[in-house]
$ cat run.pdb   # PDB, C-alpha atoms, pLDDT in the B column
ATOM      1  CA  PHE A 174     -12.010  35.692   2.407  1.00 47.00           C
ATOM      2  CA  PHE A 175      -9.612  32.983   1.316  1.00 53.00           C
ATOM      3  CA  PHE A 176     -10.651  29.531   0.203  1.00 57.00           C
ATOM      4  CA  VAL A 177      -8.470  26.558  -0.585  1.00 61.00           C
ATOM      5  CA  ALA A 178     -10.170  23.660  -2.295  1.00 61.00           C
ATOM      6  CA  THR A 179      -9.211  20.231  -1.132  1.00 65.00           C
ATOM      7  CA  THR A 180      -9.461  17.891  -4.058  1.00 66.00           C
ATOM      8  CA  LYS A 181      -7.430  15.247  -5.785  1.00 73.00           C
ATOM      9  CA  MET A 182      -7.971  16.895  -9.158  1.00 77.00           C
ATOM     10  CA  PRO A 183      -4.773  18.435 -10.501  1.00 81.00           C
ATOM     11  CA  LEU A 184      -4.538  22.194 -10.735  1.00 83.00           C
ATOM     12  CA  LYS A 185      -4.847  23.223 -14.387  1.00 88.00           C
ATOM     13  CA  ALA A 186      -5.174  26.996 -14.292  1.00 90.00           C
ATOM     14  CA  VAL A 187      -4.676  30.069 -12.143  1.00 91.00           C
ATOM     15  CA  ILE A 188      -6.872  33.150 -12.566  1.00 92.00           C
ATOM     16  CA  PHE A 189      -5.807  36.467 -11.101  1.00 90.00           C
ATOM     17  CA  ASP A 190      -7.794  39.618 -10.577  1.00 91.00           C
ATOM     18  CA  PHE A 191      -5.695  42.465 -11.893  1.00 91.00           C
ATOM     19  CA  ASP A 192      -5.832  45.844 -10.207  1.00 89.00           C
ATOM     20  CA  GLY A 193      -5.290  45.404  -6.495  1.00 89.00           C
ATOM     21  CA  VAL A 194      -3.844  41.898  -6.889  1.00 91.00           C
ATOM     22  CA  VAL A 195      -1.160  42.135  -9.571  1.00 92.00           C
ATOM     23  CA  VAL A 196      -0.809  45.913  -9.860  1.00 92.00           C
ATOM     24  CA  ASP A 197      -1.889  49.156  -8.290  1.00 93.00           C
ATOM     25  CA  SER A 198      -2.631  51.433 -11.216  1.00 92.00           C
ATOM     26  CA  GLU A 199      -4.950  53.818  -9.424  1.00 93.00           C
ATOM     27  CA  HIS A 200      -2.433  56.672  -9.534  1.00 94.00           C
ATOM     28  CA  LEU A 201      -2.343  56.361 -13.339  1.00 95.00           C
ATOM     29  CA  HIS A 202      -6.135  56.420 -13.608  1.00 94.00           C
ATOM     30  CA  PHE A 203      -6.167  59.428 -11.275  1.00 97.00           C
ATOM     31  CA  GLU A 204      -3.663  61.323 -13.437  1.00 97.00           C
ATOM     32  CA  ALA A 205      -5.601  60.549 -16.627  1.00 97.00           C
ATOM     33  CA  ILE A 206      -9.024  61.417 -15.152  1.00 97.00           C
ATOM     34  CA  LEU A 207      -7.667  64.638 -13.629  1.00 98.00           C
ATOM     35  CA  GLU A 208      -5.988  65.778 -16.855  1.00 98.00           C
ATOM     36  CA  VAL A 209      -9.159  65.277 -18.891  1.00 98.00           C
ATOM     37  CA  ALA A 210     -11.548  66.654 -16.239  1.00 98.00           C
ATOM     38  CA  LYS A 211      -9.394  69.739 -15.674  1.00 98.00           C
ATOM     39  CA  LYS A 212      -9.332  70.451 -19.406  1.00 97.00           C
ATOM     40  CA  ALA A 213     -13.069  69.761 -19.848  1.00 96.00           C
ATOM     41  CA  VAL A 214     -14.574  71.578 -16.862  1.00 97.00           C
ATOM     42  CA  GLY A 215     -11.714  73.171 -14.930  1.00 97.00           C
ATOM     43  CA  VAL A 216     -11.916  71.022 -11.805  1.00 97.00           C
ATOM     44  CA  ASP A 217      -8.835  70.219  -9.770  1.00 97.00           C
ATOM     45  CA  PHE A 218      -8.419  67.710  -6.950  1.00 97.00           C
ATOM     46  CA  ASP A 219      -5.651  65.746  -5.320  1.00 97.00           C
ATOM     47  CA  PHE A 220      -5.144  61.994  -5.047  1.00 97.00           C
ATOM     48  CA  ASP A 221      -6.676  61.832  -1.559  1.00 97.00           C
ATOM     49  CA  TYR A 222      -9.856  63.485  -2.826  1.00 97.00           C
ATOM     50  CA  TYR A 223      -9.895  61.098  -5.782  1.00 97.00           C
ATOM     51  CA  MET A 224      -9.569  58.103  -3.447  1.00 96.00           C
ATOM     52  CA  LYS A 225     -12.434  59.334  -1.267  1.00 96.00           C
ATOM     53  CA  HIS A 226     -14.837  60.496  -3.978  1.00 94.00           C
ATOM     54  CA  PHE A 227     -13.950  58.812  -7.274  1.00 94.00           C
ATOM     55  CA  ILE A 228     -12.470  55.397  -6.495  1.00 91.00           C
ATOM     56  CA  GLN A 229     -15.807  53.601  -6.639  1.00 91.00           C
ATOM     57  CA  PHE A 230     -16.672  54.982 -10.087  1.00 92.00           C
ATOM     58  CA  ASP A 231     -16.010  53.742 -13.578  1.00 91.00           C
ATOM     59  CA  ASP A 232     -14.719  56.331 -16.063  1.00 93.00           C
ATOM     60  CA  ARG A 233     -18.198  57.469 -17.078  1.00 95.00           C
ATOM     61  CA  ASP A 234     -19.223  58.169 -13.488  1.00 96.00           C
ATOM     62  CA  CYS A 235     -15.898  59.905 -12.789  1.00 96.00           C
ATOM     63  CA  PHE A 236     -16.701  62.457 -15.469  1.00 97.00           C
ATOM     64  CA  ARG A 237     -20.281  62.797 -14.265  1.00 97.00           C
ATOM     65  CA  GLU A 238     -18.853  63.586 -10.819  1.00 97.00           C
ATOM     66  CA  ALA A 239     -16.379  66.080 -12.287  1.00 97.00           C
ATOM     67  CA  TYR A 240     -19.266  67.897 -13.963  1.00 97.00           C
ATOM     68  CA  ARG A 241     -21.180  67.911 -10.653  1.00 96.00           C
ATOM     69  CA  MET A 242     -18.113  69.347  -8.908  1.00 96.00           C
ATOM     70  CA  ALA A 243     -17.924  72.100 -11.518  1.00 97.00           C
ATOM     71  CA  LYS A 244     -21.666  72.731 -11.194  1.00 96.00           C
ATOM     72  CA  ARG A 245     -22.011  72.089 -14.915  1.00 96.00           C
ATOM     73  CA  GLU A 246     -24.646  70.057 -16.662  1.00 94.00           C
ATOM     74  CA  LEU A 247     -23.474  67.106 -18.709  1.00 93.00           C
ATOM     75  CA  ASP A 248     -25.646  66.461 -21.741  1.00 90.00           C
ATOM     76  CA  GLU A 249     -25.183  62.742 -22.309  1.00 89.00           C
ATOM     77  CA  SER A 250     -27.116  62.738 -25.566  1.00 89.00           C
ATOM     78  CA  ASN A 251     -24.412  64.442 -27.627  1.00 92.00           C
ATOM     79  CA  GLY A 252     -21.472  62.030 -27.224  1.00 94.00           C
ATOM     80  CA  VAL A 253     -19.498  64.218 -24.816  1.00 95.00           C
ATOM     81  CA  LEU A 254     -19.267  61.508 -22.163  1.00 96.00           C
ATOM     82  CA  GLU A 255     -17.976  58.947 -24.653  1.00 96.00           C
ATOM     83  CA  ALA A 256     -15.450  61.485 -25.951  1.00 97.00           C
ATOM     84  CA  LEU A 257     -14.213  62.187 -22.403  1.00 97.00           C
ATOM     85  CA  CYS A 258     -13.781  58.461 -21.747  1.00 95.00           C
ATOM     86  CA  ALA A 259     -11.927  58.017 -25.040  1.00 96.00           C
ATOM     87  CA  GLU A 260      -9.652  60.946 -24.208  1.00 98.00           C
ATOM     88  CA  LYS A 261      -8.969  59.475 -20.763  1.00 96.00           C
ATOM     89  CA  GLN A 262      -7.964  56.195 -22.450  1.00 94.00           C
ATOM     90  CA  THR A 263      -5.623  58.102 -24.770  1.00 96.00           C
ATOM     91  CA  VAL A 264      -4.027  59.901 -21.811  1.00 97.00           C
ATOM     92  CA  LEU A 265      -3.651  56.630 -19.878  1.00 94.00           C
ATOM     93  CA  GLU A 266      -1.979  54.992 -22.873  1.00 92.00           C
ATOM     94  CA  ARG A 267       0.352  57.968 -23.280  1.00 94.00           C
ATOM     95  CA  LEU A 268       1.309  57.751 -19.595  1.00 94.00           C
ATOM     96  CA  LEU A 269       2.015  54.027 -19.864  1.00 90.00           C
ATOM     97  CA  GLN A 270       4.007  54.435 -23.071  1.00 87.00           C
ATOM     98  CA  THR A 271       6.147  57.224 -21.616  1.00 90.00           C
ATOM     99  CA  GLY A 272       7.431  55.371 -18.592  1.00 85.00           C
ATOM    100  CA  HIS A 273       4.648  55.847 -16.043  1.00 89.00           C
ATOM    101  CA  ALA A 274       4.391  52.206 -15.001  1.00 85.00           C
ATOM    102  CA  PRO A 275       1.835  50.831 -12.602  1.00 90.00           C
ATOM    103  CA  GLU A 276       3.147  49.611  -9.264  1.00 91.00           C
ATOM    104  CA  ASP A 277       3.410  45.845  -9.137  1.00 90.00           C
ATOM    105  CA  LEU A 278       2.203  44.546  -5.814  1.00 92.00           C
ATOM    106  CA  PRO A 279       4.818  42.756  -3.711  1.00 93.00           C
ATOM    107  CA  GLY A 280       5.444  39.230  -4.953  1.00 91.00           C
ATOM    108  CA  SER A 281       2.869  39.356  -7.753  1.00 90.00           C
ATOM    109  CA  VAL A 282       5.283  39.422 -10.703  1.00 89.00           C
ATOM    110  CA  ASP A 283       7.512  36.754  -9.166  1.00 91.00           C
ATOM    111  CA  LEU A 284       4.479  34.544  -8.522  1.00 91.00           C
ATOM    112  CA  ILE A 285       3.214  34.957 -12.091  1.00 90.00           C
ATOM    113  CA  LYS A 286       6.644  34.137 -13.493  1.00 89.00           C
ATOM    114  CA  ALA A 287       6.909  31.090 -11.218  1.00 90.00           C
ATOM    115  CA  ILE A 288       3.487  29.809 -12.260  1.00 90.00           C
ATOM    116  CA  ALA A 289       4.317  30.456 -15.928  1.00 88.00           C
ATOM    117  CA  SER A 290       7.246  28.042 -15.615  1.00 90.00           C
ATOM    118  CA  HIS A 291       4.774  25.215 -14.917  1.00 88.00           C
ATOM    119  CA  PRO A 292       2.303  23.621 -17.309  1.00 89.00           C
ATOM    120  CA  LEU A 293      -0.593  25.722 -16.004  1.00 89.00           C
ATOM    121  CA  LEU A 294      -2.875  28.110 -17.812  1.00 91.00           C
ATOM    122  CA  LEU A 295      -2.663  31.689 -16.583  1.00 91.00           C
ATOM    123  CA  ALA A 296      -5.537  34.128 -16.942  1.00 92.00           C
ATOM    124  CA  ILE A 297      -6.657  37.505 -15.690  1.00 92.00           C
ATOM    125  CA  GLY A 298     -10.276  38.122 -14.742  1.00 89.00           C
ATOM    126  CA  SER A 299     -10.841  41.836 -14.382  1.00 88.00           C
ATOM    127  CA  GLY A 300     -13.150  44.762 -14.891  1.00 82.00           C
ATOM    128  CA  ALA A 301     -10.253  46.573 -16.575  1.00 83.00           C
ATOM    129  CA  THR A 302     -10.172  46.716 -20.339  1.00 84.00           C
ATOM    130  CA  GLN A 303      -8.029  44.194 -22.171  1.00 88.00           C
ATOM    131  CA  ARG A 304      -6.077  47.099 -23.677  1.00 87.00           C
ATOM    132  CA  ASP A 305      -5.298  48.524 -20.195  1.00 87.00           C
ATOM    133  CA  ILE A 306      -4.187  45.113 -18.940  1.00 90.00           C
ATOM    134  CA  GLU A 307      -1.941  44.495 -21.952  1.00 90.00           C
ATOM    135  CA  LEU A 308      -0.348  47.942 -21.664  1.00 87.00           C
ATOM    136  CA  MET A 309       0.309  47.502 -17.946  1.00 88.00           C
ATOM    137  CA  LEU A 310       1.713  43.987 -18.346  1.00 88.00           C
ATOM    138  CA  THR A 311       4.010  45.343 -21.051  1.00 87.00           C
ATOM    139  CA  ALA A 312       5.077  48.203 -18.764  1.00 85.00           C
ATOM    140  CA  LEU A 313       5.914  45.621 -16.078  1.00 84.00           C
ATOM    141  CA  LYS A 314       7.732  43.480 -18.639  1.00 83.00           C
ATOM    142  CA  ILE A 315       5.623  40.396 -17.999  1.00 82.00           C
TER     143      ILE A 315
END

$ encode --input "run.pdb" --output "structure tokens"
Amino acid sequence: FFFVATTKMPLKAVIFDFDGVVVDSEHLHFEAILEVAKKAVGVDFDFDYYMKHFIQFDDRDCFREAYRMAKRELDESNGVLEALCAEKQTVLERLLQTGHAPEDLPGSVDLIKAIASHPLLLAIGSGATQRDIELMLTALKI
């Protein structure tokens, strides 16, 4: 669905969604989830499996699914789930800081740079964490 407003009010800001509009970082999330899940419960899966069975989940539900795959019970009362999510964040940051950049989607970086050269506010509205967004923008050098 695409909507263009017709108004005489001047454009003052542009808001982008992030993942799927500016970047495709799913391969990085896959690598981080897999590394932590493999270490925690011994599960292994490829990117295609991840895209079919994990893509709709946030980090917490990804680890719940990994425990289900391993036929292990996850006791959520003892902080294990939070620790897994924190470890996944650490792995993702390590990947980003060691040259594993997200893929910028065609034209997205050029468009952002073009808009930034005008007196418009730029913003990102996303379900991603601010830390993830900042790391990925830094990796893309924007």

$ closest_residue --input "run.pdb" --among "A:Ala243, A:Val209, A:Cys235, A:Leu310" --to "Thr263 of chain A" --atoms "all atoms listed in the file"
A:Val209

$ closest_residue --input "run.pdb" --among "A:Val194, A:Ala296, A:Leu247, A:Ile285" --to "Val214 of chain A" --atoms "all atoms listed in the file"
A:Leu247

$ atom_distance --input "run.pdb" --atom1 "atom CA of Asp197 of chain A" --atom2 "atom CA of Phe227 of chain A"
15.5 Å

$ closest_residue --input "run.pdb" --among "A:Lys185, A:Lys225, A:Arg237, A:His200" --to "Leu257 of chain A" --atoms "only C-alpha atoms"
A:Arg237

$ residues_around --input "run.pdb" --residues "Val195 of chain A" --least-positions-apart "5" --cutoff "10 Å" --atoms "only C-alpha atoms" --output "MDAnalysis selection string"
chainID A and resid 189:190 275:282 284:285 297 310

$ closest_residue --input "run.pdb" --among "A:Lys181, A:Phe236, A:Asn251, A:Leu308" --to "Ala274 of chain A" --atoms "all atoms listed in the file"
A:Leu308

$ resolve_selection --input "run.pdb" --expression "the PyMOL selection byres ((chain A and resi 260) around 12)" --output "number ranges by chain"
A: 205-210, 212-213, 232-233, 236, 253-259, 261-267

$ resolve_selection --input "run.pdb" --expression "the PyMOL selection byres ((chain A and resi 187) around 6)" --output "PDB file with C-alpha atoms, in the coordinates of the input"
ATOM      1  CA  ALA A 186      -5.174  26.996 -14.292  1.00 90.00           C
ATOM      2  CA  ILE A 188      -6.872  33.150 -12.566  1.00 92.00           C
ATOM      3  CA  LEU A 295      -2.663  31.689 -16.583  1.00 91.00           C
TER       4      LEU A 295
END

$ closest_residue --input "run.pdb" --among "A:Arg245, A:Gly252, A:Leu268, A:Ala312" --to "Phe203 of chain A" --atoms "all atoms listed in the file"
A:Leu268

$ closest_residue --input "run.pdb" --among "A:Gln229, A:Ser290, A:Thr311, A:Ser250" --to "Gly272 of chain A" --atoms "all atoms listed in the file"
A:Thr311

$ atom_distance --input "run.pdb" --atom1 "atom CA of Arg241 of chain A" --atom2 "atom CA of Thr302 of chain A"
25.8 Å

$ atom_distance --input "run.pdb" --atom1 "atom CA of Tyr240 of chain A" --atom2 "atom CA of Lys211 of chain A"
10.2 Å

$ axis_aligned_box --input "run.pdb" --around "segment 255-270 of chain A" --padding-each-side "8 Å" --output "AutoDock Vina command-line options"
--center_x -7.0 --center_y 58.1 --center_z -22.8 --size_x 38.0 --size_y 24.2 --size_z 22.4

$ decode --input "run.pdb" --residues "segment 248-294 of chain A" --atoms "N, CA and C atoms" --output "short mmCIF file (atom, residue, chain, number, x, y, z; two decimals), in the first residue's frame"
data_model
loop_
_atom_site.label_atom_id
_atom_site.label_comp_id
_atom_site.auth_asym_id
_atom_site.auth_seq_id
_atom_site.Cartn_x
_atom_site.Cartn_y
_atom_site.Cartn_z
N ASP A 248 12.68 -22.58 31.71
CA ASP A 248 12.14 -21.99 32.93
C ASP A 248 12.36 -20.49 32.85
N GLU A 249 11.27 -19.76 32.61
CA GLU A 249 11.38 -18.32 32.42
C GLU A 249 11.45 -17.54 33.73
N SER A 250 11.37 -18.23 34.84
CA SER A 250 11.38 -17.54 36.13
C SER A 250 12.80 -17.29 36.65
N ASN A 251 13.80 -17.86 36.01
CA ASN A 251 15.15 -17.76 36.57
C ASN A 251 16.10 -16.84 35.78
N GLY A 252 15.58 -16.05 34.86
CA GLY A 252 16.40 -15.09 34.12
C GLY A 252 17.15 -15.65 32.93
N VAL A 253 16.94 -16.94 32.61
CA VAL A 253 17.65 -17.54 31.49
C VAL A 253 17.28 -16.86 30.18
N LEU A 254 16.00 -16.60 29.97
CA LEU A 254 15.56 -16.00 28.72
C LEU A 254 16.18 -14.61 28.53
N GLU A 255 16.20 -13.82 29.58
CA GLU A 255 16.81 -12.50 29.50
C GLU A 255 18.31 -12.61 29.21
N ALA A 256 18.95 -13.58 29.81
CA ALA A 256 20.39 -13.79 29.59
C ALA A 256 20.66 -14.20 28.14
N LEU A 257 19.80 -15.05 27.58
CA LEU A 257 19.96 -15.46 26.18
C LEU A 257 19.81 -14.25 25.25
N CYS A 258 18.82 -13.42 25.52
CA CYS A 258 18.59 -12.22 24.70
C CYS A 258 19.77 -11.26 24.81
N ALA A 259 20.30 -11.10 26.01
CA ALA A 259 21.46 -10.23 26.21
C ALA A 259 22.68 -10.79 25.47
N GLU A 260 22.85 -12.10 25.52
CA GLU A 260 23.98 -12.71 24.81
C GLU A 260 23.81 -12.55 23.30
N LYS A 261 22.59 -12.69 22.81
CA LYS A 261 22.34 -12.48 21.38
C LYS A 261 22.70 -11.06 20.98
N GLN A 262 22.36 -10.08 21.82
CA GLN A 262 22.70 -8.68 21.54
C GLN A 262 24.22 -8.50 21.49
N THR A 263 24.92 -9.14 22.41
CA THR A 263 26.38 -9.07 22.43
C THR A 263 26.98 -9.66 21.16
N VAL A 264 26.44 -10.80 20.73
CA VAL A 264 26.93 -11.44 19.50
C VAL A 264 26.64 -10.55 18.29
N LEU A 265 25.44 -9.99 18.23
CA LEU A 265 25.08 -9.10 17.11
C LEU A 265 26.03 -7.90 17.07
N GLU A 266 26.30 -7.31 18.21
CA GLU A 266 27.22 -6.17 18.26
C GLU A 266 28.62 -6.57 17.82
N ARG A 267 29.06 -7.74 18.25
CA ARG A 267 30.39 -8.23 17.83
C ARG A 267 30.42 -8.40 16.31
N LEU A 268 29.38 -8.99 15.74
CA LEU A 268 29.32 -9.17 14.29
C LEU A 268 29.40 -7.82 13.57
N LEU A 269 28.63 -6.86 14.04
CA LEU A 269 28.61 -5.54 13.40
C LEU A 269 29.95 -4.82 13.54
N GLN A 270 30.60 -5.02 14.68
CA GLN A 270 31.87 -4.32 14.92
C GLN A 270 33.06 -5.01 14.27
N THR A 271 32.84 -6.21 13.73
CA THR A 271 33.93 -6.93 13.07
C THR A 271 33.70 -7.08 11.58
N GLY A 272 32.95 -6.14 11.02
CA GLY A 272 32.83 -6.08 9.57
C GLY A 272 31.65 -6.80 8.95
N HIS A 273 30.78 -7.39 9.73
CA HIS A 273 29.58 -8.03 9.19
C HIS A 273 28.48 -6.98 9.08
N ALA A 274 28.48 -6.26 7.99
CA ALA A 274 27.52 -5.16 7.81
C ALA A 274 26.18 -5.69 7.31
N PRO A 275 25.12 -4.99 7.65
CA PRO A 275 23.83 -5.33 7.07
C PRO A 275 23.85 -4.95 5.59
N GLU A 276 22.94 -5.52 4.83
CA GLU A 276 22.83 -5.16 3.42
C GLU A 276 21.93 -3.95 3.31
N ASP A 277 22.44 -2.88 2.70
CA ASP A 277 21.57 -1.74 2.45
C ASP A 277 20.71 -2.07 1.24
N LEU A 278 19.45 -1.73 1.32
CA LEU A 278 18.54 -2.03 0.23
C LEU A 278 18.76 -1.02 -0.90
N PRO A 279 18.62 -1.46 -2.13
CA PRO A 279 18.96 -0.61 -3.28
C PRO A 279 18.31 0.77 -3.21
N GLY A 280 19.17 1.78 -3.28
CA GLY A 280 18.72 3.17 -3.31
C GLY A 280 18.46 3.79 -1.95
N SER A 281 18.42 2.98 -0.89
CA SER A 281 18.04 3.53 0.42
C SER A 281 19.07 4.52 0.95
N VAL A 282 20.34 4.17 0.90
CA VAL A 282 21.38 5.06 1.43
C VAL A 282 21.46 6.33 0.60
N ASP A 283 21.40 6.20 -0.71
CA ASP A 283 21.43 7.39 -1.57
C ASP A 283 20.23 8.30 -1.29
N LEU A 284 19.06 7.71 -1.09
CA LEU A 284 17.88 8.51 -0.79
C LEU A 284 18.03 9.24 0.54
N ILE A 285 18.51 8.54 1.56
CA ILE A 285 18.71 9.17 2.87
C ILE A 285 19.71 10.31 2.76
N LYS A 286 20.80 10.10 2.06
CA LYS A 286 21.80 11.15 1.89
C LYS A 286 21.22 12.34 1.11
N ALA A 287 20.41 12.06 0.11
CA ALA A 287 19.79 13.14 -0.66
C ALA A 287 18.82 13.95 0.20
N ILE A 288 18.02 13.27 0.99
CA ILE A 288 17.07 13.96 1.87
C ILE A 288 17.83 14.77 2.92
N ALA A 289 18.93 14.20 3.43
CA ALA A 289 19.71 14.89 4.46
C ALA A 289 20.32 16.19 3.96
N SER A 290 20.44 16.35 2.65
CA SER A 290 20.99 17.58 2.10
C SER A 290 19.94 18.68 2.00
N HIS A 291 18.71 18.38 2.40
CA HIS A 291 17.63 19.37 2.40
C HIS A 291 17.26 19.70 3.85
N PRO A 292 16.58 20.80 4.04
CA PRO A 292 16.19 21.16 5.41
C PRO A 292 14.97 20.36 5.89
N LEU A 293 15.13 19.06 5.94
CA LEU A 293 14.06 18.17 6.41
C LEU A 293 14.56 17.36 7.59
N LEU A 294 13.66 17.07 8.51
CA LEU A 294 14.00 16.18 9.60
C LEU A 294 13.95 14.75 9.09
#
